[in-house]
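The next block holds one structure in the form of structure tokens; read it before the comments.
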Amino acid sequence: MAGTTTKMGIQYPTSTDLVKDGATAMQTLATDVDNKSGLVFIKSQTVGTGVTTVTVNTAFSTNFDNYKIIYMGGSSSTFADLWLRLGATATGYYMGGSFTAYNSATVTALATGLAAQWTYSGIADPSGNALSVEVYQPYLADQSGIAAQFFSLGNTRVGGATFGVLNNTTSYTAFTILVSAGTITGGTIRVYGYNK
Amino acid sequence: MDTWTRQELETAYPLGTVYEQTDDDLEPLTAEDWSEWIDGQVGMPKHPVSATGPTS
């Protein structure tokens with residue numbers, strides 16, 4: 001290997017290296033990209049029409065501890081919230097946070113206590129759906145955490161932040177997005193992993 | 001507070017038009033699940049706490 005890239009330190013060969021070493025060079029380069037990329041795309045899921053729940057399987061694995069899930073676009077049939085569950089678990093979710101209406105500086109506190117889901121994970125709106133959350137260590141046999149940017153693409157809604165924990169030590173590979181009222185249509189869910 | 005009635009929900013979401021999605025698979029709610037889903041939304045506010053923003 002003749003050099004490394006400036007920002008990520010990825011090794012690369014030069015034109016004077018032997019052709020017979022090309023496969024080894026490619027493997028080294030690929031391994032470096034695998035190890036040094038900060039946020040790695042895992043999968044995407046397009047949401048169908050008239051949907052109440054969307055389950056995304058094989059999202060979490062031993063490859064990553066922490067994840068970013070973004071669902072943007074589409075629309076909802078009515079004003080609603082987007083909820084999040086891990087696996088088939090429907091108990092043990094705690095969440096707190098705050099928000100303000102877009103046209104008001106009054107802060108409103110949110111707290112769910114023990115709930116059947118992370119209730120304030122995102123917002124479904126006829127103008128577009130928005131869910132942007134980080135989920136911490138869902139695959140590990142430990143408590144899972146969430147940090148949500150709670151905002152809407154509809155201009156009559158709210159913006160804020162919510163945080164929570166799922167109080168068990170179950171390992172999860174899947175998650176489900178639920179809508180609190182009505183249905184959602186369209187948009188894309190994308191899952192990324194934070195490299196270890 | 002304006003809340004959903006069963007009649008409004010049944011009109012807005014007829015049986016066969018509401019789905020559950022698992023990965024790429026879309027399955028319509030069965031009649032039993034659909035009725036249960038409707039029941040769960042009767043009396044719920046049309047504007048949840050996240051929809052209290054001014055409309056101007």
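Residues are referred to by chain and number: the chain letter is A, B, ... according to the order shown in the structure tokens, the number counts from 1 in that chain, and ligands are numbered separately from 1 in the order shown.
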Applying 7 Å and only C-alpha atoms, which residues near region 25-30 of chain A remain after dropping the ones on its own chain fewer than 3 positions away? List them as a compact mmCIF listing (two decimals) with C-alpha atoms, in the first residue's frame.
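Okay, selection13.txt is ready:
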# COMPACT_ATOMS: atom_id res chain seq x y z
CA ILE A 10 -8.18 4.46 3.95
CA GLN A 11 -5.26 2.65 2.36
CA TYR A 12 -4.90 2.59 -1.40
CA PRO A 13 -2.38 1.11 -3.89
CA ASP A 21 -1.50 -7.99 -5.30
CA GLY A 22 -4.66 -6.30 -6.59
CA VAL A 33 -14.24 1.47 4.32
CA ASP A 34 -16.22 -1.03 6.41
Distance query region 99-113 of chain A at most 6 Å, only C-alpha atoms, self and fewer than 6 positions along chain excluded, as a PyMOL selection string: (chain A and resi 157-160) or (chain B and resi 53)
Written file, previous selection with N, CA and C atoms, as a PDB file, in the first residue's frame:
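That gives us out_35.pdb:
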ATOM      1  N   ARG A 157     -48.290  22.329  13.523  1.00  0.00           N
ATOM      2  CA  ARG A 157     -47.930  21.343  14.529  1.00  0.00           C
ATOM      3  C   ARG A 157     -46.865  21.868  15.490  1.00  0.00           C
ATOM      4  N   VAL A 158     -46.011  21.003  15.980  1.00  0.00           N
ATOM      5  CA  VAL A 158     -45.077  21.376  17.041  1.00  0.00           C
ATOM      6  C   VAL A 158     -43.670  20.889  16.712  1.00  0.00           C
ATOM      7  N   GLY A 159     -42.714  21.429  17.459  1.00  0.00           N
ATOM      8  CA  GLY A 159     -41.340  20.942  17.372  1.00  0.00           C
ATOM      9  C   GLY A 159     -40.768  20.776  18.768  1.00  0.00           C
ATOM     10  N   GLY A 160     -40.020  19.714  18.966  1.00  0.00           N
ATOM     11  CA  GLY A 160     -39.461  19.487  20.290  1.00  0.00           C
ATOM     12  C   GLY A 160     -38.498  18.322  20.287  1.00  0.00           C
TER      13      GLY A 160
ATOM     14  N   GLY B  53     -50.910  23.558  17.599  1.00  0.00           N
ATOM     15  CA  GLY B  53     -50.332  24.804  17.114  1.00  0.00           C
ATOM     16  C   GLY B  53     -51.356  25.674  16.419  1.00  0.00           C
TER      17      GLY B  53
END
Near Ile177 (chain A), within 6 Å and counting only C-alpha atoms, which residues show up once chain neighbours fewer than 2 positions away are dropped, as a ChimeraX atom specification? /A:53-54,83-84
Go ahead and write the selection's residues with C-alpha atoms as a PDB file, in the first residue's frame.
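Output saved as out-v7.pdb:
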ATOM      1  CA  THR A  53     -48.308  -0.229  11.296  1.00  0.00           C
ATOM      2  CA  VAL A  54     -45.031  -0.846   9.490  1.00  0.00           C
ATOM      3  CA  TRP A  83     -45.117   5.630  17.771  1.00  0.00           C
ATOM      4  CA  LEU A  84     -42.211   3.225  17.887  1.00  0.00           C
TER       5      LEU A  84
END
Got a sec to tell me which of region 24-74 of chain A DSSP assigns to strand (DSSP E or B), as a PyMOL selection string? chain A and resi 39-46+51-56+66-73
Could you write out that same residue set with C-alpha atoms as a PDB file, in the first residue's frame?
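Listed below is the output, selection-v2.pdb:
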ATOM      1  CA  LEU A  39     -22.752   6.073   9.665  1.00  0.00           C
ATOM      2  CA  VAL A  40     -23.531   3.010   7.602  1.00  0.00           C
ATOM      3  CA  PHE A  41     -26.699   2.578   5.558  1.00  0.00           C
ATOM      4  CA  ILE A  42     -28.426  -0.676   6.516  1.00  0.00           C
ATOM      5  CA  LYS A  43     -31.738  -0.789   4.682  1.00  0.00           C
ATOM      6  CA  SER A  44     -34.754   1.161   3.477  1.00  0.00           C
ATOM      7  CA  GLN A  45     -38.454   0.411   3.410  1.00  0.00           C
ATOM      8  CA  THR A  46     -41.091   2.146   1.317  1.00  0.00           C
ATOM      9  CA  VAL A  51     -51.120   1.587   6.633  1.00  0.00           C
ATOM     10  CA  THR A  52     -51.590   1.493  10.409  1.00  0.00           C
ATOM     11  CA  THR A  53     -48.308  -0.229  11.296  1.00  0.00           C
ATOM     12  CA  VAL A  54     -45.031  -0.846   9.490  1.00  0.00           C
ATOM     13  CA  THR A  55     -42.694  -3.511  10.789  1.00  0.00           C
ATOM     14  CA  VAL A  56     -39.103  -3.481   9.574  1.00  0.00           C
ATOM     15  CA  ASN A  66     -26.586   2.321  18.001  1.00  0.00           C
ATOM     16  CA  TYR A  67     -28.852   3.267  15.108  1.00  0.00           C
ATOM     17  CA  LYS A  68     -30.476   6.164  13.299  1.00  0.00           C
ATOM     18  CA  ILE A  69     -33.974   5.672  11.893  1.00  0.00           C
ATOM     19  CA  ILE A  70     -35.449   8.307   9.602  1.00  0.00           C
ATOM     20  CA  TYR A  71     -38.941   8.193   8.125  1.00  0.00           C
ATOM     21  CA  MET A  72     -39.830  11.159   5.965  1.00  0.00           C
ATOM     22  CA  GLY A  73     -42.437  11.996   3.395  1.00  0.00           C
TER      23      GLY A  73
END
Each residue of chain B lying at most 9 Å from chain A should get a row with its shortest atom-to-atom pair and the distance in Å to one decimal, counting only C-alpha atoms; could you produce that, ordered by chain and increasing number, as a tab-separated table?
residue	atom	partner	partner_atom	distance
B:Leu9	CA	A:Gly182	CA	8.4
B:Ala12	CA	A:Gly182	CA	8.7
B:Tyr13	CA	A:Gly182	CA	7.9
B:Thr17	CA	A:Gly50	CA	6.4
B:Val18	CA	A:Gly50	CA	5.1
B:Tyr19	CA	A:Val51	CA	4.6
B:Glu20	CA	A:Thr53	CA	5.1
B:Gln21	CA	A:Val54	CA	4.6
B:Thr22	CA	A:Thr55	CA	4.6
B:Asp23	CA	A:Val56	CA	5.2
B:Asp24	CA	A:Gln45	CA	7.4
B:Asp25	CA	A:Gly48	CA	8.9
B:Leu26	CA	A:Gly48	CA	7.2
B:Pro28	CA	A:Val51	CA	8.7
B:Gln41	CA	A:Ala181	CA	6.6
B:Met44	CA	A:Ala181	CA	8.2
B:Lys46	CA	A:Phe79	CA	6.9
B:His47	CA	A:Phe79	CA	6.1
B:Pro48	CA	A:Ala80	CA	6.3
B:Val49	CA	A:Asp81	CA	8.8
B:Ser50	CA	A:Val158	CA	5.7
B:Ala51	CA	A:Arg157	CA	4.7
B:Thr52	CA	A:Arg157	CA	6.4
B:Gly53	CA	A:Ala101	CA	4.6
B:Pro54	CA	A:Thr156	CA	5.8
B:Thr55	CA	A:Thr156	CA	5.2
B:Ser56	CA	A:Thr156	CA	7.8
Saved selection, atoms kept: C-alpha atoms, as a PDB file, in the first residue's frame:
ATOM      1  CA  LEU B   9     -64.280   6.302  11.329  1.00  0.00           C
ATOM      2  CA  ALA B  12     -63.333   7.304   6.473  1.00  0.00           C
ATOM      3  CA  TYR B  13     -61.770   3.851   6.769  1.00  0.00           C
ATOM      4  CA  THR B  17     -58.871  -0.199   3.044  1.00  0.00           C
ATOM      5  CA  VAL B  18     -56.676  -0.356   6.142  1.00  0.00           C
ATOM      6  CA  TYR B  19     -53.452  -2.359   6.134  1.00  0.00           C
ATOM      7  CA  GLU B  20     -50.659  -3.679   8.295  1.00  0.00           C
ATOM      8  CA  GLN B  21     -47.244  -3.773   6.644  1.00  0.00           C
ATOM      9  CA  THR B  22     -44.360  -6.137   7.376  1.00  0.00           C
ATOM     10  CA  ASP B  23     -41.361  -5.326   5.228  1.00  0.00           C
ATOM     11  CA  ASP B  24     -42.781  -5.350   1.687  1.00  0.00           C
ATOM     12  CA  ASP B  25     -45.919  -7.322   2.567  1.00  0.00           C
ATOM     13  CA  LEU B  26     -49.206  -5.430   2.945  1.00  0.00           C
ATOM     14  CA  PRO B  28     -55.569  -5.724   5.011  1.00  0.00           C
ATOM     15  CA  GLN B  41     -60.023   5.279  17.986  1.00  0.00           C
ATOM     16  CA  MET B  44     -59.975   9.994  20.534  1.00  0.00           C
ATOM     17  CA  LYS B  46     -59.123  14.764  16.280  1.00  0.00           C
ATOM     18  CA  HIS B  47     -56.275  17.047  17.263  1.00  0.00           C
ATOM     19  CA  PRO B  48     -53.677  15.289  19.446  1.00  0.00           C
ATOM     20  CA  VAL B  49     -51.344  17.211  21.717  1.00  0.00           C
ATOM     21  CA  SER B  50     -48.897  17.607  18.836  1.00  0.00           C
ATOM     22  CA  ALA B  51     -51.552  19.390  16.768  1.00  0.00           C
ATOM     23  CA  THR B  52     -52.300  22.265  19.083  1.00  0.00           C
ATOM     24  CA  GLY B  53     -50.332  24.804  17.114  1.00  0.00           C
ATOM     25  CA  PRO B  54     -52.048  27.909  15.785  1.00  0.00           C
ATOM     26  CA  THR B  55     -53.308  27.612  12.246  1.00  0.00           C
ATOM     27  CA  SER B  56     -52.270  31.115  11.189  1.00  0.00           C
TER      28      SER B  56
END
